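This is target_35.pdb. It holds PDB, C-alpha atoms and all ligand atoms.
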```
ATOM      1  CA  MET Z   1      56.019 175.440 110.162
ATOM      2  CA  GLN Z   2      59.310 173.680 109.493
ATOM      3  CA  SER Z   3      58.877 170.132 108.327
ATOM      4  CA  ASN Z   4      61.561 168.850 110.698
ATOM      5  CA  GLN Z   5      59.408 170.032 113.584
ATOM      6  CA  ILE Z   6      56.311 168.273 112.357
ATOM      7  CA  PRO Z   7      55.763 165.076 114.325
ATOM      8  CA  GLN Z   8      55.742 161.955 112.222
ATOM      9  CA  HIS Z   9      53.109 160.350 114.461
ATOM     10  CA  ILE Z  10      50.363 162.036 116.478
ATOM     11  CA  ALA Z  11      48.075 159.984 118.725
ATOM     12  CA  ILE Z  12      44.812 161.395 120.038
ATOM     13  CA  ILE Z  13      42.625 160.375 122.973
ATOM     14  CA  MET Z  14      39.320 161.665 121.635
ATOM     15  CA  ASP Z  15      37.449 162.423 124.847
ATOM     16  CA  GLY Z  16      34.435 164.494 125.819
ATOM     17  CA  ASN Z  17      31.657 163.402 123.457
ATOM     18  CA  GLY Z  18      29.293 162.676 126.331
ATOM     19  CA  ARG Z  19      29.905 165.996 128.070
ATOM     20  CA  TRP Z  20      29.497 167.867 124.770
ATOM     21  CA  ALA Z  21      26.075 166.256 124.343
ATOM     22  CA  LYS Z  22      25.106 166.905 127.967
ATOM     23  CA  GLN Z  23      25.920 170.612 127.599
ATOM     24  CA  LYS Z  24      23.502 170.720 124.690
ATOM     25  CA  HIS Z  25      20.828 168.615 126.460
ATOM     26  CA  LEU Z  26      21.261 165.928 123.811
ATOM     27  CA  PRO Z  27      21.623 162.145 124.224
ATOM     28  CA  ARG Z  28      25.217 160.879 124.561
ATOM     29  CA  LEU Z  29      25.008 159.280 121.134
ATOM     30  CA  ALA Z  30      24.537 162.710 119.539
ATOM     31  CA  GLY Z  31      27.922 163.556 121.017
ATOM     32  CA  HIS Z  32      29.452 160.487 119.396
ATOM     33  CA  HIS Z  33      27.954 161.463 116.024
ATOM     34  CA  ALA Z  34      29.438 164.948 116.358
ATOM     35  CA  GLY Z  35      32.701 163.257 117.375
ATOM     36  CA  ALA Z  36      32.706 161.277 114.122
ATOM     37  CA  LYS Z  37      32.585 164.574 112.214
ATOM     38  CA  ALA Z  38      35.566 165.817 114.218
ATOM     39  CA  VAL Z  39      37.413 162.646 113.205
ATOM     40  CA  ARG Z  40      37.012 163.505 109.525
ATOM     41  CA  ARG Z  41      38.111 167.122 110.070
ATOM     42  CA  THR Z  42      41.134 165.966 112.027
ATOM     43  CA  ILE Z  43      42.201 163.423 109.406
ATOM     44  CA  ASP Z  44      42.103 166.161 106.749
ATOM     45  CA  ALA Z  45      43.949 168.605 109.020
ATOM     46  CA  ALA Z  46      46.634 166.002 109.783
ATOM     47  CA  ARG Z  47      47.161 165.292 106.077
ATOM     48  CA  LYS Z  48      47.436 169.012 105.400
ATOM     49  CA  ALA Z  49      49.994 169.413 108.203
ATOM     50  CA  GLY Z  50      52.153 166.652 106.745
ATOM     51  CA  ILE Z  51      51.624 164.059 109.493
ATOM     52  CA  SER Z  52      52.487 160.514 108.368
ATOM     53  CA  PHE Z  53      50.791 158.487 111.133
ATOM     54  CA  LEU Z  54      47.646 159.396 113.058
ATOM     55  CA  THR Z  55      46.435 157.085 115.818
ATOM     56  CA  LEU Z  56      42.907 157.735 117.060
ATOM     57  CA  TYR Z  57      41.659 156.103 120.271
ATOM     58  CA  ALA Z  58      38.119 155.140 119.268
ATOM     59  CA  PHE Z  59      37.149 152.458 121.806
ATOM     60  CA  SER Z  60      39.086 151.111 124.780
ATOM     61  CA  THR Z  61      38.988 147.631 126.272
ATOM     62  CA  GLU Z  62      37.394 149.327 129.306
ATOM     63  CA  ASN Z  63      34.629 150.965 127.248
ATOM     64  CA  TRP Z  64      32.729 147.614 127.216
ATOM     65  CA  SER Z  65      31.641 148.556 130.741
ATOM     66  CA  ARG Z  66      29.336 151.270 129.344
ATOM     67  CA  PRO Z  67      25.574 150.723 129.056
ATOM     68  CA  GLN Z  68      24.741 148.249 126.268
ATOM     69  CA  GLU Z  69      22.650 150.870 124.487
ATOM     70  CA  GLU Z  70      25.665 153.178 124.176
ATOM     71  CA  ILE Z  71      27.937 150.325 123.024
ATOM     72  CA  ASP Z  72      25.409 149.298 120.357
ATOM     73  CA  GLY Z  73      25.095 152.898 119.196
ATOM     74  CA  LEU Z  74      28.877 153.270 119.013
ATOM     75  CA  MET Z  75      29.268 150.030 117.001
ATOM     76  CA  LYS Z  76      26.543 151.110 114.589
ATOM     77  CA  LEU Z  77      28.176 154.516 114.146
ATOM     78  CA  LEU Z  78      31.537 152.853 113.632
ATOM     79  CA  ALA Z  79      30.173 150.547 110.915
ATOM     80  CA  GLN Z  80      28.568 153.543 109.216
ATOM     81  CA  SER Z  81      31.776 155.594 109.448
ATOM     82  CA  LEU Z  82      33.851 152.728 108.065
ATOM     83  CA  ASP Z  83      31.497 152.444 105.079
ATOM     84  CA  GLU Z  84      31.638 156.170 104.425
ATOM     85  CA  TYR Z  85      35.356 156.372 104.907
ATOM     86  CA  ALA Z  86      36.374 153.359 102.816
ATOM     87  CA  LYS Z  87      35.797 155.249  99.577
ATOM     88  CA  GLU Z  88      37.324 158.471 100.851
ATOM     89  CA  ALA Z  89      40.435 156.629 102.070
ATOM     90  CA  THR Z  90      41.069 155.353  98.566
ATOM     91  CA  GLU Z  91      40.562 158.805  97.049
ATOM     92  CA  LYS Z  92      42.842 160.436  99.614
ATOM     93  CA  ASN Z  93      45.552 157.756  99.500
ATOM     94  CA  ILE Z  94      44.987 156.914 103.196
ATOM     95  CA  ARG Z  95      46.105 153.566 104.594
ATOM     96  CA  LEU Z  96      43.946 152.123 107.376
ATOM     97  CA  TRP Z  97      45.511 150.191 110.227
ATOM     98  CA  VAL Z  98      43.780 148.950 113.353
ATOM     99  CA  SER Z  99      45.311 148.363 116.781
ATOM    100  CA  GLY Z 100      43.419 146.233 119.268
ATOM    101  CA  GLU Z 101      42.002 142.797 119.961
ATOM    102  CA  ARG Z 102      39.396 141.372 117.589
ATOM    103  CA  GLU Z 103      37.381 139.642 120.325
ATOM    104  CA  PRO Z 104      34.592 140.551 121.137
ATOM    105  CA  LEU Z 105      34.075 143.028 118.292
ATOM    106  CA  PRO Z 106      30.947 142.205 116.271
ATOM    107  CA  PRO Z 107      31.436 140.487 112.862
ATOM    108  CA  ALA Z 108      29.873 143.503 111.092
ATOM    109  CA  ILE Z 109      32.780 145.632 112.313
ATOM    110  CA  LEU Z 110      35.496 143.025 111.717
ATOM    111  CA  GLU Z 111      34.372 142.422 108.129
ATOM    112  CA  ARG Z 112      34.417 146.134 107.331
ATOM    113  CA  ILE Z 113      37.817 146.587 108.925
ATOM    114  CA  ASP Z 114      39.332 143.628 107.076
ATOM    115  CA  LYS Z 115      37.939 144.888 103.782
ATOM    116  CA  THR Z 116      39.200 148.454 104.161
ATOM    117  CA  VAL Z 117      42.576 147.467 105.634
ATOM    118  CA  ALA Z 118      43.156 145.167 102.636
ATOM    119  CA  ALA Z 119      41.860 147.712 100.112
ATOM    120  CA  THR Z 120      44.095 150.519 101.418
ATOM    121  CA  ALA Z 121      47.218 148.461 102.248
ATOM    122  CA  GLY Z 122      49.123 149.851  99.273
ATOM    123  CA  ASN Z 123      48.252 153.514  99.922
ATOM    124  CA  THR Z 124      51.212 155.766 100.561
ATOM    125  CA  GLY Z 125      49.648 158.859 102.152
ATOM    126  CA  LEU Z 126      48.592 159.202 105.783
ATOM    127  CA  THR Z 127      48.412 156.000 107.814
ATOM    128  CA  LEU Z 128      45.285 156.170 109.949
ATOM    129  CA  ASN Z 129      45.685 153.771 112.868
ATOM    130  CA  LEU Z 130      42.380 153.179 114.593
ATOM    131  CA  ALA Z 131      42.783 152.057 118.201
ATOM    132  CA  LEU Z 132      39.688 149.945 118.532
ATOM    133  CA  ASN Z 133      39.000 147.578 121.411
ATOM    134  CA  TYR Z 134      42.473 148.722 122.350
ATOM    135  CA  GLY Z 135      44.220 148.465 125.705
ATOM    136  CA  ALA Z 136      47.947 149.045 126.104
ATOM    137  CA  GLN Z 137      48.313 146.470 128.878
ATOM    138  CA  GLN Z 138      46.623 143.939 126.614
ATOM    139  CA  GLU Z 139      48.959 144.904 123.738
ATOM    140  CA  ILE Z 140      52.074 144.377 125.857
ATOM    141  CA  THR Z 141      50.709 141.134 127.323
ATOM    142  CA  HIS Z 142      49.905 139.919 123.801
ATOM    143  CA  ALA Z 143      53.516 140.660 122.764
ATOM    144  CA  VAL Z 144      54.943 138.794 125.763
ATOM    145  CA  ASN Z 145      52.668 135.797 125.120
ATOM    146  CA  ASP Z 146      53.851 135.696 121.484
ATOM    147  CA  LEU Z 147      57.431 135.674 122.703
ATOM    148  CA  LEU Z 148      56.714 132.901 125.231
ATOM    149  CA  ALA Z 149      55.031 130.861 122.507
ATOM    150  CA  SER Z 150      58.133 131.238 120.354
ATOM    151  CA  GLY Z 151      60.163 129.620 123.127
ATOM    152  CA  LYS Z 152      62.017 132.715 124.368
ATOM    153  CA  THR Z 153      63.106 132.620 127.995
ATOM    154  CA  ALA Z 154      64.735 136.059 128.166
ATOM    155  CA  ILE Z 155      63.468 139.085 126.306
ATOM    156  CA  THR Z 156      64.692 142.568 125.419
ATOM    157  CA  PRO Z 157      62.744 145.784 124.815
ATOM    158  CA  ALA Z 158      63.406 145.259 121.088
ATOM    159  CA  ASP Z 159      61.701 141.848 121.296
ATOM    160  CA  ILE Z 160      58.607 143.401 122.859
ATOM    161  CA  ARG Z 161      58.507 146.144 120.222
ATOM    162  CA  ALA Z 162      58.716 143.539 117.468
ATOM    163  CA  HIS Z 163      55.535 141.912 118.794
ATOM    164  CA  LEU Z 164      53.370 144.998 119.297
ATOM    165  CA  TYR Z 165      50.249 145.225 117.092
ATOM    166  CA  HIS Z 166      52.189 147.308 114.535
ATOM    167  CA  PRO Z 167      55.956 146.990 115.002
ATOM    168  CA  ASP Z 168      56.495 149.448 112.134
ATOM    169  CA  LEU Z 169      54.439 152.190 113.759
ATOM    170  CA  PRO Z 170      56.892 154.848 114.996
ATOM    171  CA  ASP Z 171      56.348 156.014 118.587
ATOM    172  CA  PRO Z 172      54.094 159.073 118.728
ATOM    173  CA  GLU Z 173      56.111 162.239 119.276
ATOM    174  CA  LEU Z 174      52.901 163.917 120.433
ATOM    175  CA  ILE Z 175      49.867 162.599 122.327
ATOM    176  CA  ILE Z 176      46.818 164.854 122.514
ATOM    177  CA  ARG Z 177      43.910 164.386 124.926
ATOM    178  CA  THR Z 178      40.813 166.526 124.720
ATOM    179  CA  SER Z 179      38.142 167.325 127.349
ATOM    180  CA  GLY Z 180      40.465 168.381 130.164
ATOM    181  CA  GLU Z 181      41.216 164.884 131.471
ATOM    182  CA  GLU Z 182      44.922 164.345 132.009
ATOM    183  CA  ARG Z 183      45.494 160.605 131.979
ATOM    184  CA  LEU Z 184      46.401 157.845 129.528
ATOM    185  CA  SER Z 185      43.441 155.501 130.167
ATOM    186  CA  ASN Z 186      45.416 152.422 129.042
ATOM    187  CA  PHE Z 187      46.607 154.053 125.791
ATOM    188  CA  LEU Z 188      50.025 153.335 124.205
ATOM    189  CA  LEU Z 189      51.854 152.689 127.484
ATOM    190  CA  TRP Z 190      54.896 151.256 125.708
ATOM    191  CA  GLN Z 191      55.038 153.744 122.837
ATOM    192  CA  ALA Z 192      54.498 156.814 125.051
ATOM    193  CA  ALA Z 193      57.872 156.412 126.825
ATOM    194  CA  TYR Z 194      59.153 159.703 125.349
ATOM    195  CA  SER Z 195      56.007 161.271 123.928
ATOM    196  CA  GLU Z 196      55.162 164.904 124.540
ATOM    197  CA  PHE Z 197      51.662 165.426 125.979
ATOM    198  CA  TYR Z 198      49.183 168.102 125.041
ATOM    199  CA  PHE Z 199      46.007 168.439 127.077
ATOM    200  CA  THR Z 200      43.208 170.756 126.042
ATOM    201  CA  PRO Z 201      39.834 171.482 127.674
ATOM    202  CA  VAL Z 202      38.222 171.480 124.201
ATOM    203  CA  LEU Z 203      35.676 168.663 123.953
ATOM    204  CA  TRP Z 204      36.356 166.223 121.107
ATOM    205  CA  PRO Z 205      33.325 167.209 118.931
ATOM    206  CA  ASP Z 206      34.709 170.791 118.888
ATOM    207  CA  PHE Z 207      38.216 169.750 117.838
ATOM    208  CA  ASP Z 208      39.294 171.085 114.440
ATOM    209  CA  GLU Z 209      42.253 172.231 112.351
ATOM    210  CA  THR Z 210      42.811 175.310 114.532
ATOM    211  CA  GLU Z 211      43.044 173.119 117.643
ATOM    212  CA  LEU Z 212      45.446 170.753 115.913
ATOM    213  CA  GLN Z 213      47.618 173.715 114.915
ATOM    214  CA  LYS Z 214      47.660 174.878 118.556
ATOM    215  CA  ALA Z 215      48.851 171.445 119.655
ATOM    216  CA  LEU Z 216      51.544 171.463 116.965
ATOM    217  CA  ALA Z 217      52.704 174.942 118.009
ATOM    218  CA  SER Z 218      52.964 173.765 121.616
ATOM    219  CA  PHE Z 219      54.940 170.715 120.492
ATOM    220  CA  GLN Z 220      57.353 172.891 118.532
ATOM    221  CA  ALA Z 221      58.124 174.963 121.615
ATOM    222  CA  ARG Z 222      59.181 171.891 123.608
ATOM    223  CA  GLN Z 223      62.743 170.817 124.202
ATOM    224  CA  ARG Z 224      62.972 167.040 123.958
ATOM    225  CA  ARG Z 225      65.949 165.687 125.862
ATOM    226  CA  PHE Z 226      65.536 161.901 125.916
ATOM    227  CA  GLY Z 227      67.501 161.675 129.136
ATOM    228  CA  GLY Z 228      70.341 163.832 127.870
ATOM    229  CA  ILE Z 229      71.133 167.420 128.853
TER     230      ILE Z 229
HETATM  231  C1  LIG N 301      34.977 159.712 124.089
HETATM  232  O1  LIG N 301      33.964 160.463 124.664
HETATM  233  C2  LIG N 301      34.440 158.618 123.185
HETATM  234  C3  LIG N 301      34.620 157.257 123.692
HETATM  235  C4  LIG N 301      35.257 156.916 124.784
HETATM  236  C5  LIG N 301      34.033 156.195 122.905
HETATM  237  P1  LIG N 301      33.228 159.985 126.006
HETATM  238  O2  LIG N 301      32.057 159.156 125.633
HETATM  239  O3  LIG N 301      34.208 159.346 126.920
HETATM  240  O4  LIG N 301      32.747 161.384 126.578
HETATM  241  P2  LIG N 301      32.704 161.830 128.108
HETATM  242  O5  LIG N 301      34.065 161.569 128.699
HETATM  243  O6  LIG N 301      31.636 161.023 128.767
HETATM  244  O7  LIG N 301      32.380 163.289 128.042
HETATM  245  C1  LIG N 302      39.424 156.948 126.782
HETATM  246  O1  LIG N 302      38.325 157.718 127.158
HETATM  247  C2  LIG N 302      39.054 156.032 125.659
HETATM  248  C3  LIG N 302      38.728 156.669 124.387
HETATM  249  C4  LIG N 302      38.819 157.949 124.113
HETATM  250  C5  LIG N 302      38.283 155.789 123.349
HETATM  251  P1  LIG N 302      37.394 157.304 128.385
HETATM  252  O2  LIG N 302      36.383 158.370 128.506
HETATM  253  O3  LIG N 302      36.911 155.918 128.217
HETATM  254  O4  LIG N 302      38.448 157.332 129.593
HETATM  255  P2  LIG N 302      38.212 157.427 131.169
HETATM  256  O5  LIG N 302      37.263 156.342 131.531
HETATM  257  O6  LIG N 302      37.635 158.793 131.460
HETATM  258  O7  LIG N 302      39.573 157.284 131.754
HETATM  259 MG    MG N 303      35.384 160.039 128.422
END
```

Can you dump the structure from the file as structure tokens?
Amino acid sequence: MQSNQIPQHIAIIMDGNGRWAKQKHLPRLAGHHAGAKAVRRTIDAARKAGISFLTLYAFSTENWSRPQEEIDGLMKLLAQSLDEYAKEATEKNIRLWVSGEREPLPPAILERIDKTVAATAGNTGLTLNLALNYGAQQEITHAVNDLLASGKTAITPADIRAHLYHPDLPDPELIIRTSGEERLSNFLLWQAAYSEFYFTPVLWPDFDETELQKALASFQARQRRFGGI
């Protein structure tokens, strides 16, 4: 694969954990645990492929509408994964970023995030951007409110970009969604303006290096025109 055809930033909507569990007559949380394993595989596969930025949609602002039991299970799994991954991130030179609103994430999660983000800030390998309690409409609204607070009365697209959660995050060239759903679900609405989309019926817990390679091959076959001819 030629390096100039490797996207700098891939963003993934990791969907289908619940259906994966249902197929196996397991509780939904078992699907989320299997999904956490797919996250680790995918991070390693992305590093191997030479990706610089990987954004993973872990929890949306709309996911608070799920049953409390599932939310609690997801938060517990997230805390556990952050603990396990903190050490590995240092070993693998991974830098952790988070995109999303802090409220109402539990303190146990916020403390772990703050610790790992600070500990990995100087790492120069893959940047893993966790979209957590993330909503794109909220991100854009947050940017506009920042601009209003600064006294601006007229704004440009560049102003909005400068106030996104991570202004230095390049737009994703490729957005992948698993599980057969073909929608954005409030993900990266601003940054997706010229992204290529790759939808696969594979459920997130089954996603692996081979599936990532398929998405990359599809991306390489695309002609990106950006409004030109
Ligand atoms: C994605 O899997 C994980 C999260 C949204 C947290 P789902 O839990 O949405 O799985 P399905 O869509 O019910 O299969
Ligand atoms: C999108 O998946 C959010 C994440 C993957 C974290 P959902 O399963 O919540 O999306 P909808 O509700 O099917 O659109
Ligand atoms: Mg889903």

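The nearest approach to Ser52 (chain Z) among the residues Z:Arg225, Z:Ile160, Z:Pro7, Z:Ala143, with all atoms listed in the file taken into account, belongs to Z:Pro7.
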
Quiz item: Quick one: which residues end up in the PyMOL selection byres (((not hetatm)) within 12 of (chain N and resi 302)) for this structure, as an MDAnalysis selection string?
Solution: chainID Z and resid 11:19 32 35 39 55:66 71 74 100 130:136 176:188 203:205

Export C-alpha atoms of the chosen residues as a PDB file, in the frame of the given file?
```pdb
ATOM      1  CA  ALA Z  11      48.075 159.984 118.725  1.00  0.00           C
ATOM      2  CA  ILE Z  12      44.812 161.395 120.038  1.00  0.00           C
ATOM      3  CA  ILE Z  13      42.625 160.375 122.973  1.00  0.00           C
ATOM      4  CA  MET Z  14      39.320 161.665 121.635  1.00  0.00           C
ATOM      5  CA  ASP Z  15      37.449 162.423 124.847  1.00  0.00           C
ATOM      6  CA  GLY Z  16      34.435 164.494 125.819  1.00  0.00           C
ATOM      7  CA  ASN Z  17      31.657 163.402 123.457  1.00  0.00           C
ATOM      8  CA  GLY Z  18      29.293 162.676 126.331  1.00  0.00           C
ATOM      9  CA  ARG Z  19      29.905 165.996 128.070  1.00  0.00           C
ATOM     10  CA  HIS Z  32      29.452 160.487 119.396  1.00  0.00           C
ATOM     11  CA  GLY Z  35      32.701 163.257 117.375  1.00  0.00           C
ATOM     12  CA  VAL Z  39      37.413 162.646 113.205  1.00  0.00           C
ATOM     13  CA  THR Z  55      46.435 157.085 115.818  1.00  0.00           C
ATOM     14  CA  LEU Z  56      42.907 157.735 117.060  1.00  0.00           C
ATOM     15  CA  TYR Z  57      41.659 156.103 120.271  1.00  0.00           C
ATOM     16  CA  ALA Z  58      38.119 155.140 119.268  1.00  0.00           C
ATOM     17  CA  PHE Z  59      37.149 152.458 121.806  1.00  0.00           C
ATOM     18  CA  SER Z  60      39.086 151.111 124.780  1.00  0.00           C
ATOM     19  CA  THR Z  61      38.988 147.631 126.272  1.00  0.00           C
ATOM     20  CA  GLU Z  62      37.394 149.327 129.306  1.00  0.00           C
ATOM     21  CA  ASN Z  63      34.629 150.965 127.248  1.00  0.00           C
ATOM     22  CA  TRP Z  64      32.729 147.614 127.216  1.00  0.00           C
ATOM     23  CA  SER Z  65      31.641 148.556 130.741  1.00  0.00           C
ATOM     24  CA  ARG Z  66      29.336 151.270 129.344  1.00  0.00           C
ATOM     25  CA  ILE Z  71      27.937 150.325 123.024  1.00  0.00           C
ATOM     26  CA  LEU Z  74      28.877 153.270 119.013  1.00  0.00           C
ATOM     27  CA  GLY Z 100      43.419 146.233 119.268  1.00  0.00           C
ATOM     28  CA  LEU Z 130      42.380 153.179 114.593  1.00  0.00           C
ATOM     29  CA  ALA Z 131      42.783 152.057 118.201  1.00  0.00           C
ATOM     30  CA  LEU Z 132      39.688 149.945 118.532  1.00  0.00           C
ATOM     31  CA  ASN Z 133      39.000 147.578 121.411  1.00  0.00           C
ATOM     32  CA  TYR Z 134      42.473 148.722 122.350  1.00  0.00           C
ATOM     33  CA  GLY Z 135      44.220 148.465 125.705  1.00  0.00           C
ATOM     34  CA  ALA Z 136      47.947 149.045 126.104  1.00  0.00           C
ATOM     35  CA  ILE Z 176      46.818 164.854 122.514  1.00  0.00           C
ATOM     36  CA  ARG Z 177      43.910 164.386 124.926  1.00  0.00           C
ATOM     37  CA  THR Z 178      40.813 166.526 124.720  1.00  0.00           C
ATOM     38  CA  SER Z 179      38.142 167.325 127.349  1.00  0.00           C
ATOM     39  CA  GLY Z 180      40.465 168.381 130.164  1.00  0.00           C
ATOM     40  CA  GLU Z 181      41.216 164.884 131.471  1.00  0.00           C
ATOM     41  CA  GLU Z 182      44.922 164.345 132.009  1.00  0.00           C
ATOM     42  CA  ARG Z 183      45.494 160.605 131.979  1.00  0.00           C
ATOM     43  CA  LEU Z 184      46.401 157.845 129.528  1.00  0.00           C
ATOM     44  CA  SER Z 185      43.441 155.501 130.167  1.00  0.00           C
ATOM     45  CA  ASN Z 186      45.416 152.422 129.042  1.00  0.00           C
ATOM     46  CA  PHE Z 187      46.607 154.053 125.791  1.00  0.00           C
ATOM     47  CA  LEU Z 188      50.025 153.335 124.205  1.00  0.00           C
ATOM     48  CA  LEU Z 203      35.676 168.663 123.953  1.00  0.00           C
ATOM     49  CA  TRP Z 204      36.356 166.223 121.107  1.00  0.00           C
ATOM     50  CA  PRO Z 205      33.325 167.209 118.931  1.00  0.00           C
TER      51      PRO Z 205
END
```

Exercise. Kindly provide, as a list in words, the polymer residues lying within 7 Å of (46.0, 155.3, 107.7), counting only C-alpha atoms and using the coordinates exactly as they appear in the file.
Key: Phe53, Leu54, Ile94, Arg95, Leu96, Trp97, Leu126, Thr127, Leu128 and Asn129 of chain Z

Write the residues you've just listed into a file as a PDB file, in the frame of the given file, and include C-alpha atoms for each of them.
```pdb
ATOM      1  CA  PHE Z  53      50.791 158.487 111.133  1.00  0.00           C
ATOM      2  CA  LEU Z  54      47.646 159.396 113.058  1.00  0.00           C
ATOM      3  CA  ILE Z  94      44.987 156.914 103.196  1.00  0.00           C
ATOM      4  CA  ARG Z  95      46.105 153.566 104.594  1.00  0.00           C
ATOM      5  CA  LEU Z  96      43.946 152.123 107.376  1.00  0.00           C
ATOM      6  CA  TRP Z  97      45.511 150.191 110.227  1.00  0.00           C
ATOM      7  CA  LEU Z 126      48.592 159.202 105.783  1.00  0.00           C
ATOM      8  CA  THR Z 127      48.412 156.000 107.814  1.00  0.00           C
ATOM      9  CA  LEU Z 128      45.285 156.170 109.949  1.00  0.00           C
ATOM     10  CA  ASN Z 129      45.685 153.771 112.868  1.00  0.00           C
TER      11      ASN Z 129
END
```

Practice problem: May I have the protein, DNA and RNA residues with an atom at most 7 Å from (51.5, 145.6, 120.6), counting all atoms listed in the file in the file's coordinates, returned as a list in words? | Solution: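 Returned residue set, sorted by chain then number, is Glu139, Ile140, His142, Ala143, His163, Leu164, Tyr165 and His166 of chain Z.
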
Once 8 Å is added on each side, what are the centre and the three edge lengths, in Å to one decimal, of the axis-aligned box enclosing the listed atoms of region 176-184 of chain Z? Present them as JSON.
```
{"center_x": 42.5, "center_y": 163.1, "center_z": 127.3, "size_x": 24.7, "size_y": 26.5, "size_z": 25.5}
```

Exercise. Using all atoms listed in the file, pick whichever of Z:His25, Z:Arg161, Z:Arg102, Z:His9 has the shortest atom-to-atom distance to Ala49 (chain Z).
Key: Z:His9

Quiz item: Which residues match the PyMOL selection byres (((chain Z and resi 40) around 12) and not hetatm) in the file above, as a PyMOL selection string?
Solution: chain Z and resi 33-39+41-47+54+56+81-82+84-85+88-89+92+128+204-205+207-209

Exercise. Determine the nearest neighbour of ligand MG 303 (chain N) from the options Z:Arg222, Z:Lys76, Z:Arg28, Z:Lys152, counting only C-alpha atoms and all ligand atoms.
Key: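 So, comparing all the options, the nearest one is Z:Arg28.
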
Practice problem: Mind giving me the straight-line distance from CA of Glu69 (chain Z) to CA of Pro201 (chain Z) in Å, one decimal? | Solution: 27.0 Å

Quiz item: Applied to the shown file, which residues does the PyMOL selection byres (((chain Z and resi 198) around 10) and not hetatm) return, written as a PyMOL selection string?
Solution: chain Z and resi 12+174-178+182+195-197+199-200+214-216+218-219

Self-check item: Interatomic distance (Å, one decimal) between CA of Met75 (chain Z) and CA of Ala30 (chain Z)
Solution: 13.8 Å

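Between ligand LIG 301 (chain N) and the residues Z:Ser99, Z:Gln23, Z:Thr141, Z:Asn93, the shortest atom-to-atom distance, using only C-alpha atoms and all ligand atoms, involves Z:Gln23.
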
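Note that CA of Asp168 (chain Z) and CA of Ala119 (chain Z) are 19.0 Å apart.
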
Practice problem: Choose the residue, out of Z:Phe226, Z:Asp114, Z:Val202, Z:Gln137, that has the smallest atom-to-atom separation from ligand LIG 301 (chain N); count all atoms listed in the file. | Solution: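 Counting all atoms listed in the file, the residue closest to ligand LIG 301 (chain N) is Z:Val202.
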
Practice problem: Pick out the closest residue to ligand LIG 301 (chain N) from this set: Z:Asp206, Z:Ile51, Z:Gln80, Z:Pro104. Count all atoms listed in the file. | Solution: Z:Asp206
